[in-house]
file entry-v5.cif (mmCIF, C-alpha atoms)
data_coords
#
loop_
_atom_site.group_PDB
_atom_site.id
_atom_site.type_symbol
_atom_site.label_atom_id
_atom_site.label_comp_id
_atom_site.auth_asym_id
_atom_site.auth_seq_id
_atom_site.Cartn_x
_atom_site.Cartn_y
_atom_site.Cartn_z
ATOM 1 C CA MET J 1 -75.935 -33.672 198.751
ATOM 2 C CA ILE J 2 -72.882 -35.715 197.794
ATOM 3 C CA THR J 3 -70.108 -35.103 200.295
ATOM 4 C CA ARG J 4 -67.016 -37.196 199.478
ATOM 5 C CA MET J 5 -65.523 -39.797 197.159
ATOM 6 C CA THR J 6 -64.562 -42.800 199.270
ATOM 7 C CA VAL J 7 -63.942 -45.695 196.860
ATOM 8 C CA THR J 8 -62.964 -45.689 193.202
ATOM 9 C CA ASN J 9 -61.519 -48.220 190.750
ATOM 10 C CA ILE J 10 -58.301 -48.569 188.867
ATOM 11 C CA HIS J 11 -58.698 -51.412 186.412
ATOM 12 C CA VAL J 12 -55.516 -53.478 186.409
ATOM 13 C CA ILE J 13 -54.360 -56.501 184.459
ATOM 14 C CA ASP J 14 -52.421 -58.289 187.220
ATOM 15 C CA GLN J 15 -53.073 -57.668 190.923
ATOM 16 C CA ASP J 16 -49.647 -58.914 192.144
ATOM 17 C CA SER J 17 -47.878 -56.589 189.763
ATOM 18 C CA ALA J 18 -50.266 -53.725 190.607
ATOM 19 C CA TYR J 19 -49.569 -54.236 194.329
ATOM 20 C CA ASP J 20 -45.837 -53.918 193.672
ATOM 21 C CA PHE J 21 -46.335 -50.811 191.533
ATOM 22 C CA TYR J 22 -48.724 -48.886 193.776
ATOM 23 C CA VAL J 23 -47.252 -49.898 197.161
ATOM 24 C CA ASN J 24 -43.535 -50.358 196.508
ATOM 25 C CA LYS J 25 -43.001 -47.829 193.710
ATOM 26 C CA LEU J 26 -45.607 -45.106 194.257
ATOM 27 C CA GLY J 27 -45.542 -45.512 198.056
ATOM 28 C CA PHE J 28 -49.301 -45.872 198.471
ATOM 29 C CA ARG J 29 -50.539 -47.436 201.720
ATOM 30 C CA LEU J 30 -52.140 -50.857 201.613
ATOM 31 C CA VAL J 31 -55.661 -50.705 203.048
ATOM 32 C CA ASP J 32 -57.139 -54.166 202.382
ATOM 33 C CA ASP J 33 -55.748 -57.337 200.882
ATOM 34 C CA ILE J 34 -58.401 -59.967 201.503
ATOM 35 C CA PRO J 35 -58.515 -63.303 199.674
ATOM 36 C CA MET J 36 -61.896 -63.878 198.029
ATOM 37 C CA GLY J 37 -61.363 -67.307 196.547
ATOM 38 C CA PRO J 38 -58.892 -68.730 194.061
ATOM 39 C CA ASP J 39 -56.942 -65.998 192.215
ATOM 40 C CA THR J 40 -59.180 -63.244 193.540
ATOM 41 C CA ARG J 41 -58.458 -60.612 196.182
ATOM 42 C CA TRP J 42 -60.126 -57.491 197.464
ATOM 43 C CA LEU J 43 -57.096 -55.224 197.090
ATOM 44 C CA THR J 44 -57.284 -51.526 197.956
ATOM 45 C CA VAL J 45 -54.687 -48.807 198.507
ATOM 46 C CA SER J 46 -54.708 -45.146 199.497
ATOM 47 C CA PRO J 47 -52.452 -42.213 198.635
ATOM 48 C CA PRO J 48 -50.135 -41.674 201.643
ATOM 49 C CA GLU J 49 -51.817 -38.495 202.868
ATOM 50 C CA GLN J 50 -55.379 -39.417 201.874
ATOM 51 C CA PRO J 51 -56.301 -42.467 203.970
ATOM 52 C CA ASP J 52 -60.049 -42.029 203.495
ATOM 53 C CA LEU J 53 -59.911 -42.530 199.716
ATOM 54 C CA GLN J 54 -59.629 -46.204 198.754
ATOM 55 C CA LEU J 55 -58.457 -47.073 195.258
ATOM 56 C CA VAL J 56 -59.604 -50.565 194.326
ATOM 57 C CA LEU J 57 -56.978 -52.340 192.227
ATOM 58 C CA PHE J 58 -59.693 -53.999 190.234
ATOM 59 C CA PRO J 59 -58.590 -57.001 188.166
ATOM 60 C CA VAL J 60 -59.892 -57.221 184.612
ATOM 61 C CA LYS J 61 -60.394 -60.888 183.857
ATOM 62 C CA VAL J 62 -63.167 -63.125 182.619
ATOM 63 C CA SER J 63 -65.685 -63.198 185.437
ATOM 64 C CA LYS J 64 -69.299 -62.502 186.266
ATOM 65 C CA MET J 65 -68.534 -58.805 185.740
ATOM 66 C CA PHE J 66 -66.542 -59.150 182.540
ATOM 67 C CA PRO J 67 -67.644 -61.587 179.815
ATOM 68 C CA LYS J 68 -64.737 -62.867 177.703
ATOM 69 C CA GLU J 69 -65.114 -60.341 174.889
ATOM 70 C CA THR J 70 -65.443 -57.419 177.310
ATOM 71 C CA ALA J 71 -62.403 -58.519 179.320
ATOM 72 C CA GLU J 72 -60.269 -58.918 176.197
ATOM 73 C CA THR J 73 -61.341 -55.551 174.805
ATOM 74 C CA LEU J 74 -60.739 -53.779 178.096
ATOM 75 C CA ILE J 75 -57.307 -55.370 178.579
ATOM 76 C CA ALA J 76 -56.293 -54.346 175.058
ATOM 77 C CA LEU J 77 -57.390 -50.751 175.668
ATOM 78 C CA ILE J 78 -55.606 -50.552 179.036
ATOM 79 C CA ARG J 79 -52.392 -51.910 177.501
ATOM 80 C CA LYS J 80 -52.736 -49.415 174.648
ATOM 81 C CA GLY J 81 -52.725 -46.578 177.197
ATOM 82 C CA VAL J 82 -56.201 -45.251 176.468
ATOM 83 C CA PHE J 83 -57.237 -44.621 180.070
ATOM 84 C CA GLY J 84 -56.112 -41.642 182.118
ATOM 85 C CA CYS J 85 -56.862 -42.239 185.783
ATOM 86 C CA GLY J 86 -56.561 -38.704 187.105
ATOM 87 C CA VAL J 87 -54.122 -36.268 188.670
ATOM 88 C CA LEU J 88 -51.785 -37.178 191.520
ATOM 89 C CA THR J 89 -50.270 -34.309 193.461
ATOM 90 C CA CYS J 90 -46.919 -33.986 195.183
ATOM 91 C CA ASN J 91 -44.965 -31.364 197.098
ATOM 92 C CA ASP J 92 -42.055 -31.216 194.680
ATOM 93 C CA ILE J 93 -42.513 -32.482 191.146
ATOM 94 C CA PHE J 94 -38.802 -32.628 190.243
ATOM 95 C CA ALA J 95 -37.868 -34.704 193.296
ATOM 96 C CA THR J 96 -40.886 -36.961 192.816
ATOM 97 C CA TYR J 97 -40.019 -37.414 189.144
ATOM 98 C CA GLU J 98 -36.413 -38.332 189.991
ATOM 99 C CA GLU J 99 -37.479 -40.748 192.721
ATOM 100 C CA LEU J 100 -40.109 -42.551 190.651
ATOM 101 C CA LYS J 101 -37.744 -42.744 187.688
ATOM 102 C CA ALA J 102 -35.078 -44.275 189.960
ATOM 103 C CA LYS J 103 -37.633 -46.889 190.988
ATOM 104 C CA GLY J 104 -38.314 -47.819 187.375
ATOM 105 C CA VAL J 105 -41.562 -45.933 186.758
ATOM 106 C CA VAL J 106 -42.022 -45.171 183.059
ATOM 107 C CA PHE J 107 -42.704 -41.523 182.278
ATOM 108 C CA LEU J 108 -44.529 -40.469 179.142
ATOM 109 C CA LYS J 109 -43.708 -36.811 179.771
ATOM 110 C CA ALA J 110 -40.986 -35.347 181.991
ATOM 111 C CA PRO J 111 -41.987 -32.337 184.137
ATOM 112 C CA THR J 112 -42.973 -29.679 181.625
ATOM 113 C CA LYS J 113 -44.234 -26.159 182.123
ATOM 114 C CA GLU J 114 -47.723 -25.913 180.654
ATOM 115 C CA PHE J 115 -50.087 -22.933 180.744
ATOM 116 C CA TYR J 116 -51.848 -24.522 183.749
ATOM 117 C CA GLY J 117 -48.645 -25.300 185.639
ATOM 118 C CA THR J 118 -45.890 -27.918 185.647
ATOM 119 C CA GLU J 119 -46.953 -31.448 184.744
ATOM 120 C CA ALA J 120 -45.434 -34.886 184.141
ATOM 121 C CA LEU J 121 -47.184 -38.024 182.862
ATOM 122 C CA PHE J 122 -46.407 -41.582 183.874
ATOM 123 C CA LYS J 123 -48.045 -44.932 183.359
ATOM 124 C CA ASP J 124 -48.696 -47.780 185.766
ATOM 125 C CA ASP J 125 -47.683 -51.409 185.244
ATOM 126 C CA SER J 126 -50.926 -52.126 183.335
ATOM 127 C CA GLY J 127 -50.848 -49.103 181.014
ATOM 128 C CA ASN J 128 -53.135 -46.646 182.821
ATOM 129 C CA TYR J 129 -51.625 -43.198 182.899
ATOM 130 C CA PHE J 130 -51.613 -40.440 185.515
ATOM 131 C CA SER J 131 -50.812 -36.767 185.501
ATOM 132 C CA LEU J 132 -48.340 -35.760 188.210
ATOM 133 C CA GLN J 133 -48.550 -32.164 189.330
ATOM 134 C CA PRO J 134 -47.302 -30.081 192.251
ATOM 135 C CA LEU J 135 -49.980 -29.060 194.701
ATOM 136 C CA ASN J 136 -49.473 -25.377 193.929
ATOM 137 C CA ASN J 137 -50.817 -25.940 190.387
ATOM 138 C CA PHE J 138 -54.188 -25.928 192.104
ATOM 139 C CA SER J 139 -53.779 -22.741 194.111
ATOM 140 C CA ASN J 140 -56.224 -19.927 193.424
ATOM 141 C CA GLU J 141 -53.523 -17.824 191.804
ATOM 142 C CA ASN J 142 -53.340 -20.272 188.901
ATOM 143 C CA ASN J 143 -57.095 -20.393 188.428
ATOM 144 C CA VAL J 144 -57.890 -16.716 187.943
ATOM 145 C CA MET Q 1 -44.356 -38.545 173.959
ATOM 146 C CA THR Q 2 -41.211 -40.503 174.655
ATOM 147 C CA ASP Q 3 -40.287 -43.054 177.297
ATOM 148 C CA GLN Q 4 -37.978 -41.961 180.102
ATOM 149 C CA PRO Q 5 -36.842 -38.698 178.494
ATOM 150 C CA GLU Q 6 -33.457 -37.379 179.462
ATOM 151 C CA PHE Q 7 -33.757 -33.726 180.249
ATOM 152 C CA ASP Q 8 -32.365 -31.178 182.631
ATOM 153 C CA TYR Q 9 -34.136 -28.614 184.755
ATOM 154 C CA PRO Q 10 -32.552 -26.063 187.053
ATOM 155 C CA LYS Q 11 -30.418 -27.653 189.800
ATOM 156 C CA VAL Q 12 -31.124 -31.154 188.536
ATOM 157 C CA TYR Q 13 -27.958 -32.449 190.228
ATOM 158 C CA LEU Q 14 -29.201 -31.204 193.629
ATOM 159 C CA TYR Q 15 -32.513 -32.973 193.217
ATOM 160 C CA ARG Q 16 -30.808 -36.202 192.210
ATOM 161 C CA ARG Q 17 -28.549 -36.127 195.269
ATOM 162 C CA ILE Q 18 -31.420 -35.424 197.650
ATOM 163 C CA VAL Q 19 -33.470 -38.229 196.095
ATOM 164 C CA GLN Q 20 -30.512 -40.626 196.295
ATOM 165 C CA ALA Q 21 -30.134 -39.775 199.985
ATOM 166 C CA LYS Q 22 -33.836 -40.429 200.587
ATOM 167 C CA LEU Q 23 -33.610 -43.771 198.771
ATOM 168 C CA PHE Q 24 -30.491 -44.556 200.848
ATOM 169 C CA ILE Q 25 -32.596 -44.109 204.009
ATOM 170 C CA ASP Q 26 -35.352 -46.276 202.493
ATOM 171 C CA ARG Q 27 -32.824 -49.080 201.906
ATOM 172 C CA HIS Q 28 -30.760 -48.775 205.096
ATOM 173 C CA TYR Q 29 -33.221 -47.577 207.748
ATOM 174 C CA ALA Q 30 -32.520 -50.682 209.838
ATOM 175 C CA ASP Q 31 -28.759 -50.057 209.890
ATOM 176 C CA LYS Q 32 -26.786 -47.750 212.138
ATOM 177 C CA ILE Q 33 -26.930 -44.724 209.890
ATOM 178 C CA ASP Q 34 -26.656 -41.157 211.043
ATOM 179 C CA LEU Q 35 -26.806 -37.767 209.397
ATOM 180 C CA ASP Q 36 -23.130 -37.842 208.497
ATOM 181 C CA ASN Q 37 -23.603 -41.062 206.526
ATOM 182 C CA ILE Q 38 -26.623 -39.614 204.821
ATOM 183 C CA SER Q 39 -25.076 -36.267 203.928
ATOM 184 C CA ASP Q 40 -21.939 -38.101 202.763
ATOM 185 C CA GLU Q 41 -24.224 -40.025 200.431
ATOM 186 C CA ALA Q 42 -25.502 -36.731 199.056
ATOM 187 C CA TYR Q 43 -22.017 -35.115 198.923
ATOM 188 C CA PHE Q 44 -23.297 -32.017 200.752
ATOM 189 C CA SER Q 45 -22.415 -30.085 203.839
ATOM 190 C CA LYS Q 46 -24.659 -31.333 206.605
ATOM 191 C CA PHE Q 47 -26.459 -28.016 207.096
ATOM 192 C CA HIS Q 48 -27.165 -27.444 203.398
ATOM 193 C CA PHE Q 49 -28.300 -31.050 202.999
ATOM 194 C CA ILE Q 50 -30.761 -30.913 205.910
ATOM 195 C CA ARG Q 51 -32.291 -27.680 204.609
ATOM 196 C CA LEU Q 52 -32.770 -29.014 201.069
ATOM 197 C CA PHE Q 53 -34.065 -32.375 202.264
ATOM 198 C CA LYS Q 54 -36.697 -30.684 204.418
ATOM 199 C CA THR Q 55 -37.720 -28.413 201.539
ATOM 200 C CA VAL Q 56 -38.357 -31.437 199.320
ATOM 201 C CA TYR Q 57 -39.785 -33.989 201.772
ATOM 202 C CA GLY Q 58 -41.251 -31.808 204.516
ATOM 203 C CA LYS Q 59 -39.143 -33.562 207.176
ATOM 204 C CA THR Q 60 -35.507 -33.420 208.202
ATOM 205 C CA PRO Q 61 -33.526 -36.582 207.358
ATOM 206 C CA HIS Q 62 -33.613 -37.540 211.047
ATOM 207 C CA GLN Q 63 -37.390 -37.110 211.199
ATOM 208 C CA TYR Q 64 -37.775 -39.038 207.947
ATOM 209 C CA LEU Q 65 -35.589 -41.892 209.238
ATOM 210 C CA LYS Q 66 -37.655 -42.137 212.432
ATOM 211 C CA ALA Q 67 -40.924 -42.058 210.466
ATOM 212 C CA THR Q 68 -39.659 -44.763 208.094
ATOM 213 C CA ARG Q 69 -38.662 -46.997 211.022
ATOM 214 C CA ILE Q 70 -42.040 -46.543 212.702
ATOM 215 C CA GLU Q 71 -43.914 -47.266 209.450
ATOM 216 C CA ARG Q 72 -41.913 -50.449 208.936
ATOM 217 C CA ALA Q 73 -42.470 -51.464 212.581
ATOM 218 C CA LYS Q 74 -46.221 -50.976 212.098
ATOM 219 C CA GLN Q 75 -46.075 -53.266 209.091
ATOM 220 C CA LEU Q 76 -44.208 -55.953 211.065
ATOM 221 C CA LEU Q 77 -46.715 -55.699 213.925
ATOM 222 C CA ARG Q 78 -49.650 -55.983 211.501
ATOM 223 C CA GLU Q 79 -48.027 -59.131 210.129
ATOM 224 C CA GLY Q 80 -48.020 -60.624 213.630
ATOM 225 C CA GLY Q 81 -44.462 -59.885 214.761
ATOM 226 C CA ALA Q 82 -43.605 -59.412 218.442
ATOM 227 C CA VAL Q 83 -43.024 -55.843 219.671
ATOM 228 C CA SER Q 84 -39.396 -56.527 220.650
ATOM 229 C CA ASP Q 85 -38.678 -58.184 217.288
ATOM 230 C CA ALA Q 86 -40.178 -55.225 215.420
ATOM 231 C CA CYS Q 87 -38.187 -52.772 217.541
ATOM 232 C CA PHE Q 88 -34.786 -54.302 216.791
ATOM 233 C CA ALA Q 89 -35.631 -55.237 213.184
ATOM 234 C CA VAL Q 90 -36.152 -51.574 212.239
ATOM 235 C CA GLY Q 91 -32.942 -50.312 213.829
ATOM 236 C CA PHE Q 92 -33.762 -49.267 217.403
ATOM 237 C CA ASP Q 93 -31.268 -50.176 220.151
ATOM 238 C CA SER Q 94 -33.638 -49.806 223.039
ATOM 239 C CA LEU Q 95 -37.138 -51.107 223.551
ATOM 240 C CA SER Q 96 -38.030 -48.171 225.777
ATOM 241 C CA SER Q 97 -37.045 -45.525 223.231
ATOM 242 C CA PHE Q 98 -38.914 -47.445 220.502
ATOM 243 C CA SER Q 99 -42.027 -47.801 222.670
ATOM 244 C CA GLY Q 100 -42.007 -44.124 223.637
ATOM 245 C CA LEU Q 101 -41.584 -42.935 220.055
ATOM 246 C CA PHE Q 102 -44.173 -45.396 218.739
ATOM 247 C CA LYS Q 103 -46.791 -44.169 221.203
ATOM 248 C CA ARG Q 104 -46.049 -40.511 220.449
ATOM 249 C CA GLU Q 105 -46.215 -41.000 216.681
ATOM 250 C CA VAL Q 106 -49.033 -43.550 216.377
ATOM 251 C CA GLY Q 107 -51.166 -42.524 219.340
ATOM 252 C CA GLN Q 108 -51.291 -45.963 220.939
ATOM 253 C CA SER Q 109 -48.725 -48.367 222.337
ATOM 254 C CA ALA Q 110 -47.052 -50.876 220.039
ATOM 255 C CA SER Q 111 -48.641 -53.794 221.892
ATOM 256 C CA ALA Q 112 -52.131 -52.235 221.674
ATOM 257 C CA TYR Q 113 -51.575 -51.543 217.961
ATOM 258 C CA ALA Q 114 -50.505 -55.167 217.390
ATOM 259 C CA ALA Q 115 -53.452 -56.562 219.377
ATOM 260 C CA GLN Q 116 -55.928 -54.381 217.507
ATOM 261 C CA HIS Q 117 -54.644 -55.609 214.139
ATOM 262 C CA GLN Q 118 -54.679 -59.230 215.218
ATOM 263 C CA ARG Q 119 -58.337 -58.825 216.226
ATOM 264 C CA THR Q 120 -59.103 -57.257 212.850
ATOM 265 C CA LYS Q 121 -57.293 -60.074 211.047
ATOM 266 C CA ALA Q 122 -59.324 -62.649 212.937
ATOM 267 C CA GLN Q 123 -62.539 -60.845 211.996
ATOM 268 C CA ILE Q 124 -61.484 -60.683 208.345
ATOM 269 C CA ALA Q 125 -60.764 -64.418 208.336
ATOM 270 C CA LYS Q 126 -64.160 -65.128 209.864
ATOM 271 C CA THR Q 127 -66.334 -62.730 207.831
ATOM 272 C CA PRO Q 128 -64.296 -61.355 204.893
ATOM 273 C CA LEU Q 129 -67.290 -59.844 203.130
ATOM 274 C CA ALA Q 130 -68.008 -57.602 206.095
ATOM 275 C CA PHE Q 131 -64.911 -55.639 204.985
ATOM 276 C CA VAL Q 132 -65.944 -55.216 201.336
ATOM 277 C CA PRO Q 133 -68.594 -52.738 200.133
ATOM 278 C CA GLY Q 134 -71.699 -54.796 199.380
ATOM 279 C CA CYS Q 135 -72.061 -53.412 195.850
ATOM 280 C CA TYR Q 136 -68.618 -54.753 194.881
ATOM 281 C CA ALA Q 137 -69.222 -58.113 196.514
ATOM 282 C CA TYR Q 138 -72.508 -58.436 194.635
ATOM 283 C CA GLN Q 139 -71.010 -57.479 191.267
ATOM 284 C CA HIS Q 140 -68.123 -59.900 191.721
ATOM 285 C CA GLY Q 141 -70.528 -62.704 192.519
ATOM 286 C CA TRP Q 142 -68.914 -63.213 195.927
ATOM 287 C CA LEU Q 143 -72.278 -63.141 197.690
ATOM 288 C CA ASP Q 144 -73.392 -66.273 195.842
ATOM 289 C CA GLU Q 145 -71.098 -68.523 197.834
ATOM 290 C CA ASN Q 146 -71.166 -66.621 201.083
ATOM 291 C CA ARG Q 147 -73.729 -66.092 203.795
ATOM 292 C CA ASN Q 148 -72.211 -63.026 205.416
ATOM 293 C CA PHE Q 149 -74.786 -60.710 203.911
ATOM 294 C CA GLU Q 150 -78.505 -60.703 204.493
ATOM 295 C CA GLU Q 151 -80.411 -61.211 201.277
ATOM 296 C CA THR Q 152 -82.720 -58.357 200.393
ATOM 297 C CA ASP Q 153 -85.881 -58.320 198.308
ATOM 298 C CA GLN Q 154 -85.443 -56.573 194.982
#
call {"tool": "encode", "arguments": {"input": "entry-v5.cif", "output": "structure tokens"}}
result
Amino acid sequence: MITRMTVTNIHVIDQDSAYDFYVNKLGFRLVDDIPMGPDTRWLTVSPPEQPDLQLVLFPVKVSKMFPKETAETLIALIRKGVFGCGVLTCNDIFATYEELKAKGVVFLKAPTKEFYGTEALFKDDSGNYFSLQPLNNFSNENNV
Amino acid sequence: MTDQPEFDYPKVYLYRRIVQAKLFIDRHYADKIDLDNISDEAYFSKFHFIRLFKTVYGKTPHQYLKATRIERAKQLLREGGAVSDACFAVGFDSLSSFSGLFKREVGQSASAYAAQHQRTKAQIAKTPLAFVPGCYAYQHGWLDENRNFEETDQ
């Protein structure tokens, strides 16, 4: 039986820039930042109230994992905004929207009432996008 | 979809003032700020401001300021700073009040917290791959140049 998700990836184009975005703008907590050789780090963060989920800020560059053509294709798709990385929840979507906007986060959709609840969309510094939703979008009342 | 749309929702001006006050605390946590400064920043009566702030952030401004100072102190201690330096750098006047609050909030003393992180840092420097899931280290090719992992038969 699978019990929990503990580690997952966010493919990023530049780890320094991703660190600034996820830690300084989104307010995620740094978990590990361990040098692994020239220009390579094991860099993971967690949402502030979810310390047991590590998001690996996984650099896409030519390496053993990514041959040149794969790396170039993946970078182009990330920049194009093809990849949605999931839903992030907050207590108050309007305050969170205002705060992130004040910090320079680019929103693709301002908070909007949809049939499933209120939602905003923003993108990270690489081009990955996230849905931002208030926690009460996921209450039972909205799912019946 | 458009970038940074300008739009209004109910009470947008209230949200913006509360957020500005929160960002004010984020920028000035190390200064001598009190609730009057913060509510002045939000242009509210103190009572109304505290109530709205707590509704949005789950903490009163005073609680949020304390939490921000402790978080920043933890960061300084993890980076190797001395307890007294961390205490004064984040805006506390007294080492005893800082130490008491730190222990209540974090669950261990500031010096124990600092020592624990220095031990972890030393371990990371010695065996970095012990802190990375083996599957990632293998895929990255980090195991090739490192002997921190036992080789296994495939």
call {"tool": "residues_around", "arguments": {"input": "entry-v5.cif", "residues": "Ala18 in chain J", "least_positions_apart": "6", "cutoff": "10 Å", "atoms": "all atoms listed in the file", "output": "list in words"}}
result
Ile10, His11, Val12, Asn24, Lys25, Leu43, Leu57, Phe58, Pro59, Asp124, Asp125 and Ser126 of chain J
call {"tool": "closest_residue", "arguments": {"input": "entry-v5.cif", "among": "J:Pro134, J:Gly27, J:Pro51, J:Pro38", "to": "Lys113 in chain J", "atoms": "only C-alpha atoms"}}
result
J:Pro134
call {"tool": "closest_atom_pairs", "arguments": {"input": "entry-v5.cif", "of": "chain J", "to": "chain Q", "cutoff": "9 Å", "atoms": "all atoms listed in the file", "output": "tab-separated table"}}
result
residue	atom	partner	partner_atom	distance
J:Asp32	CA	Q:Phe131	CA	8.3
J:Ile34	CA	Q:Pro128	CA	6.9
J:Pro35	CA	Q:Pro128	CA	8.0
J:Met36	CA	Q:Trp142	CA	7.4
J:Gly37	CA	Q:Trp142	CA	8.6
J:Trp42	CA	Q:Val132	CA	7.3
J:Ser63	CA	Q:His140	CA	7.5
J:Lys64	CA	Q:His140	CA	6.2
J:Met65	CA	Q:His140	CA	6.1
J:Asn91	CA	Q:Val56	CA	7.0
J:Asp92	CA	Q:Val56	CA	5.9
J:Phe94	CA	Q:Tyr15	CA	7.0
J:Ala95	CA	Q:Tyr15	CA	5.6
J:Thr96	CA	Q:Val19	CA	8.2
J:Glu98	CA	Q:Arg16	CA	6.4
J:Glu99	CA	Q:Val19	CA	5.8
J:Lys101	CA	Q:Gln4	CA	7.6
J:Ala102	CA	Q:Gln20	CA	8.6
J:Val105	CA	Q:Gln4	CA	8.5
J:Val106	CA	Q:Gln4	CA	5.9
J:Phe107	CA	Q:Gln4	CA	5.2
J:Leu108	CA	Q:Asp3	CA	5.3
J:Lys109	CA	Q:Met1	CA	6.1
J:Ala110	CA	Q:Pro5	CA	6.4
J:Pro111	CA	Q:Tyr9	CA	8.7
call {"tool": "atom_distance", "arguments": {"input": "entry-v5.cif", "atom1": "CA of Gly100 in chain Q", "atom2": "CA of Ile25 in chain Q"}}
result
21.8 Å
call {"tool": "atom_distance", "arguments": {"input": "entry-v5.cif", "atom1": "CA of Gln54 in chain J", "atom2": "CA of Leu30 in chain J"}}
result
9.3 Å
call {"tool": "closest_residue", "arguments": {"input": "entry-v5.cif", "among": "J:Val87, J:Asp16, J:Glu49, J:Ser139", "to": "Glu119 in chain J", "atoms": "all atoms listed in the file"}}
result
J:Val87
call {"tool": "closest_residue", "arguments": {"input": "entry-v5.cif", "among": "J:Tyr129, J:Tyr22, J:Asp52, J:Thr40", "to": "Arg4 in chain J", "atoms": "all atoms listed in the file"}}
result
J:Asp52
call {"tool": "closest_residue", "arguments": {"input": "entry-v5.cif", "among": "J:Gln133, J:Val31, J:Ser17, J:Lys68", "to": "Tyr97 in chain J", "atoms": "only C-alpha atoms"}}
result
J:Gln133
call {"tool": "atom_distance", "arguments": {"input": "entry-v5.cif", "atom1": "CA of Ala115 in chain Q", "atom2": "CA of Ala82 in chain Q"}}
result
10.3 Å
call {"tool": "residues_near_point", "arguments": {"input": "entry-v5.cif", "point": "(-31.0, -46.0, 215.0)", "cutoff": "6 Å", "atoms": "only C-alpha atoms", "output": "PyMOL selection string"}}
result
chain Q and resi 32+91-92
call {"tool": "residues_around", "arguments": {"input": "entry-v5.cif", "residues": "Phe83 in chain J", "least_positions_apart": "5", "cutoff": "8 Å", "atoms": "all atoms listed in the file", "output": "list in words"}}
result
Leu77, Ile78, Gly127, Asn128 and Tyr129 of chain J
call {"tool": "closest_residue", "arguments": {"input": "entry-v5.cif", "among": "Q:Asp36, Q:Glu71, Q:Asp31, Q:Asp26", "to": "Ile50 in chain Q", "atoms": "all atoms listed in the file"}}
result
Q:Asp36
call {"tool": "residues_around", "arguments": {"input": "entry-v5.cif", "residues": "Ala67 in chain Q", "least_positions_apart": "6", "cutoff": "12 Å", "atoms": "all atoms listed in the file", "output": "ChimeraX atom specification"}}
result
/Q:25-26,29,57-61,73-74,90-91,98,101-102,104-106
call {"tool": "closest_residue", "arguments": {"input": "entry-v5.cif", "among": "J:Asp14, J:Asp39, J:Glu114, J:Asp20", "to": "Ile75 in chain J", "atoms": "only C-alpha atoms"}}
result
J:Asp14
call {"tool": "residues_around", "arguments": {"input": "entry-v5.cif", "residues": "Leu88 in chain J", "least_positions_apart": "5", "cutoff": "8 Å", "atoms": "only C-alpha atoms", "output": "list of chain:residue names"}}
result
J:Phe130, J:Ser131, J:Leu132, J:Gln133
call {"tool": "residues_around", "arguments": {"input": "entry-v5.cif", "residues": "Gln50 in chain J", "least_positions_apart": "3", "cutoff": "12 Å", "atoms": "all atoms listed in the file", "output": "list in words"}}
result
Met5, Thr6, Val7, Phe28, Arg29, Leu30, Val31, Val45, Ser46, Pro47, Leu53, Gln54, Leu55, Leu88 and Thr89 of chain J
call {"tool": "decode", "arguments": {"input": "entry-v5.cif", "residues": "range 90-110 of chain J", "atoms": "C-alpha atoms", "output": "CSV table (one decimal), in the first residue's frame"}}
result
chain,number,residue,atom,x,y,z
J,90,CYS,CA,-3.6,29.0,0.8
J,91,ASN,CA,-5.8,30.3,3.6
J,92,ASP,CA,-6.9,33.5,1.7
J,93,ILE,CA,-6.5,33.6,-2.0
J,94,PHE,CA,-7.0,37.4,-2.4
J,95,ALA,CA,-4.3,38.2,0.2
J,96,THR,CA,-2.0,35.6,-1.3
J,97,TYR,CA,-2.5,37.0,-4.8
J,98,GLU,CA,-1.8,40.5,-3.7
J,99,GLU,CA,1.3,39.5,-1.8
J,100,LEU,CA,2.8,37.4,-4.6
J,101,LYS,CA,2.0,40.1,-7.1
J,102,ALA,CA,3.7,42.7,-4.9
J,103,LYS,CA,6.8,40.4,-4.9
J,104,GLY,CA,6.8,40.3,-8.7
J,105,VAL,CA,5.2,36.9,-9.4
J,106,VAL,CA,3.5,36.8,-12.8
J,107,PHE,CA,-0.1,35.7,-12.8
J,108,LEU,CA,-1.7,34.1,-15.8
J,109,LYS,CA,-5.2,34.4,-14.2
J,110,ALA,CA,-6.3,36.6,-11.3
